[in-house]
Amino acid sequence: GIVLQLLPTLLDAAVQELLYKVPIDSDGAIKHAVSCFIVELIKKIWPQCWPDMIDQLYAVVASNETNLDVVMMVLERLSQDVLESDVHLSSQRRQDLKHSLSASCTGGLFDFFSAKLGQHTAAVCGTDPVHVYLARRVLVTMAVFLEWCPIKPLYASDYHLLGVLCNLVAV
């Protein structure tokens with residue numbers, strides 16, 4: 001009853017708190033561990049008990065851009081686990097997660113990728129290593145989704161994402 005009603009709020013707060021404590025220059029093993037923990041949580045309870053998980057990840061990045069790295073790791077690993085590597089997921093659970101991820105792709109995930117890529121590639125012109133690194137992380141994560149996600153988001157929003165990718169090639 002009440003615990004299930006409070007679960008999304010408690011999870012949002014716990015994940016945000018966890019992500020806020022991971023600085024961009026922290027050890028890769030720490031980021032990997034945090035992202036693995038969050039992905040395991042997601043695989044167990046999303047979307048049924050945590051319907052706004054994707055929005056919460058967006059909010060974490062909006063409040064602190066340095067969390068983009070870990071959020072990209074979470075999304076990349078989640079996509080990989082759901083689509084190919086997690087043998088512990090039942091076929092029904094894998095289908096539920098794949099359906100939810102696919103809906104997220106058409107529901108704004110690629111807009112998020114596009115915005116972050118545009119933001120960090122515009123900054124790449126100044127060759128700030130942090131922006132170069134974050135732009136690369138977004139590209140790697142996006143590539144994992146492009147292998148299986150519907151193609152419609154690529155040409156949505158007046159081909160914005162394709163424009164950002166073309167600008168990146170021109171840099």
# chains A, B, ... in the order shown; residues from 1 in each chain; ligands from 1
$ select_by_dssp --residues "chain A" --states "helix (DSSP H, G or I)" --output "MDAnalysis selection string"
chainID A and resid 2:20 28:45 53:63 65:85 91:124 129:146 152:170
$ write_last_selection --atoms "C-alpha atoms" --output "compact mmCIF listing (two decimals), in the first residue's frame"
# COMPACT_ATOMS: atom_id res chain seq x y z
CA ILE A 2 1.74 3.09 1.32
CA VAL A 3 5.27 1.78 0.73
CA LEU A 4 4.54 1.21 -2.96
CA GLN A 5 3.09 4.72 -3.21
CA LEU A 6 6.20 6.25 -1.63
CA LEU A 7 8.69 4.07 -3.51
CA PRO A 8 9.12 6.35 -6.58
CA THR A 9 9.70 9.39 -4.38
CA LEU A 10 12.19 7.55 -2.19
CA LEU A 11 14.02 6.15 -5.21
CA ASP A 12 14.20 9.54 -6.90
CA ALA A 13 15.71 11.09 -3.80
CA ALA A 14 18.17 8.23 -3.21
CA VAL A 15 19.38 8.12 -6.82
CA GLN A 16 19.72 11.89 -7.01
CA GLU A 17 21.69 11.92 -3.77
CA LEU A 18 23.93 9.12 -5.03
CA LEU A 19 24.56 10.82 -8.37
CA TYR A 20 25.25 14.21 -6.78
CA GLY A 28 36.22 5.44 -13.28
CA ALA A 29 35.62 2.48 -10.99
CA ILE A 30 33.43 4.60 -8.72
CA LYS A 31 31.36 5.85 -11.66
CA HIS A 32 31.08 2.31 -12.99
CA ALA A 33 29.92 0.96 -9.62
CA VAL A 34 27.33 3.72 -9.19
CA SER A 35 26.00 3.22 -12.72
CA CYS A 36 25.83 -0.58 -12.25
CA PHE A 37 23.90 -0.16 -9.00
CA ILE A 38 21.40 2.21 -10.61
CA VAL A 39 20.97 -0.07 -13.65
CA GLU A 40 20.27 -3.06 -11.41
CA LEU A 41 17.62 -1.01 -9.60
CA ILE A 42 16.10 0.04 -12.91
CA LYS A 43 15.98 -3.54 -14.20
CA LYS A 44 14.09 -4.64 -11.10
CA ILE A 45 11.46 -1.91 -10.77
CA MET A 53 13.00 7.28 -13.98
CA ILE A 54 14.10 8.77 -17.32
CA ASP A 55 12.78 12.19 -16.31
CA GLN A 56 14.66 11.90 -13.03
CA LEU A 57 17.89 11.20 -14.89
CA TYR A 58 17.27 14.29 -17.02
CA ALA A 59 16.63 16.32 -13.84
CA VAL A 60 19.89 15.13 -12.27
CA VAL A 61 21.83 16.36 -15.30
CA ALA A 62 19.85 19.63 -15.47
CA SER A 63 20.75 20.43 -11.87
CA GLU A 65 25.94 18.94 -15.65
CA THR A 66 28.86 17.00 -14.22
CA ASN A 67 26.47 14.08 -13.64
CA LEU A 68 26.06 13.65 -17.40
CA ASP A 69 28.90 11.13 -17.49
CA VAL A 70 27.30 8.75 -14.99
CA VAL A 71 23.83 9.19 -16.50
CA MET A 72 25.25 8.26 -19.92
CA MET A 73 26.88 5.20 -18.34
CA VAL A 74 23.53 4.22 -16.83
CA LEU A 75 21.67 4.56 -20.12
CA GLU A 76 24.36 2.75 -22.09
CA ARG A 77 24.57 -0.17 -19.68
CA LEU A 78 20.80 -0.42 -19.39
CA SER A 79 20.45 -0.63 -23.16
CA GLN A 80 23.21 -3.23 -23.42
CA ASP A 81 21.83 -5.36 -20.57
CA VAL A 82 18.29 -5.31 -21.89
CA LEU A 83 19.25 -6.07 -25.45
CA GLU A 84 22.05 -8.54 -25.20
CA SER A 85 23.98 -9.41 -22.12
CA SER A 91 12.22 -12.98 -21.51
CA GLN A 92 9.04 -11.21 -20.32
CA ARG A 93 10.99 -8.76 -18.17
CA ARG A 94 13.42 -8.13 -21.03
CA GLN A 95 10.45 -7.40 -23.33
CA ASP A 96 8.91 -5.00 -20.79
CA LEU A 97 12.19 -3.12 -20.42
CA LYS A 98 12.82 -3.07 -24.16
CA HIS A 99 9.34 -1.70 -24.78
CA SER A 100 9.86 1.01 -22.15
CA LEU A 101 13.28 1.93 -23.56
CA SER A 102 11.85 2.07 -27.06
CA ALA A 103 9.07 4.36 -25.86
CA SER A 104 11.71 6.55 -24.21
CA CYS A 105 13.60 6.77 -27.50
CA THR A 106 10.58 8.17 -29.29
CA GLY A 107 9.49 10.09 -26.21
CA GLY A 108 12.44 12.42 -25.84
CA LEU A 109 15.60 10.46 -25.14
CA PHE A 110 17.12 11.43 -28.48
CA ASP A 111 16.11 15.06 -27.86
CA PHE A 112 18.10 14.81 -24.63
CA PHE A 113 21.08 13.28 -26.48
CA SER A 114 20.83 15.96 -29.13
CA ALA A 115 20.72 18.82 -26.62
CA LYS A 116 23.67 17.48 -24.64
CA LEU A 117 25.67 16.70 -27.74
CA GLY A 118 24.97 20.16 -29.14
CA GLN A 119 25.94 21.78 -25.85
CA HIS A 120 29.22 19.92 -25.52
CA THR A 121 30.23 19.98 -29.18
CA ALA A 122 29.73 23.75 -29.29
CA ALA A 123 32.11 23.91 -26.36
CA VAL A 124 34.53 21.51 -28.09
CA PRO A 129 38.91 18.37 -22.27
CA VAL A 130 35.80 18.03 -20.07
CA HIS A 131 33.49 19.01 -22.95
CA VAL A 132 35.36 16.77 -25.38
CA TYR A 133 35.00 13.86 -22.96
CA LEU A 134 31.29 14.49 -22.32
CA ALA A 135 30.54 14.88 -26.04
CA ARG A 136 32.28 11.55 -26.62
CA ARG A 137 30.25 9.88 -23.81
CA VAL A 138 27.00 11.11 -25.36
CA LEU A 139 28.06 9.80 -28.78
CA VAL A 140 29.01 6.38 -27.39
CA THR A 141 25.71 6.09 -25.51
CA MET A 142 23.72 7.27 -28.49
CA ALA A 143 25.45 4.70 -30.72
CA VAL A 144 24.28 1.88 -28.45
CA PHE A 145 20.68 3.06 -28.84
CA LEU A 146 20.99 3.63 -32.59
CA LYS A 152 12.13 8.26 -36.26
CA PRO A 153 13.90 10.32 -33.53
CA LEU A 154 16.79 10.98 -35.92
CA TYR A 155 14.66 13.10 -38.19
CA ALA A 156 12.26 14.47 -35.59
CA SER A 157 12.41 18.11 -34.53
CA ASP A 158 13.29 19.32 -38.00
CA TYR A 159 16.33 17.00 -38.26
CA HIS A 160 17.98 18.74 -35.31
CA LEU A 161 19.99 15.68 -34.24
CA LEU A 162 21.29 15.11 -37.74
CA GLY A 163 22.31 18.77 -37.88
CA VAL A 164 24.22 18.43 -34.61
CA LEU A 165 25.98 15.31 -35.91
CA CYS A 166 26.89 17.07 -39.17
CA ASN A 167 28.28 20.03 -37.23
CA LEU A 168 30.37 17.62 -35.19
CA VAL A 169 31.81 16.04 -38.32
CA ALA A 170 32.70 19.50 -39.59
$ atom_distance --atom1 "CA of Ile151 (chain A)" --atom2 "CA of Trp50 (chain A)"
26.2 Å
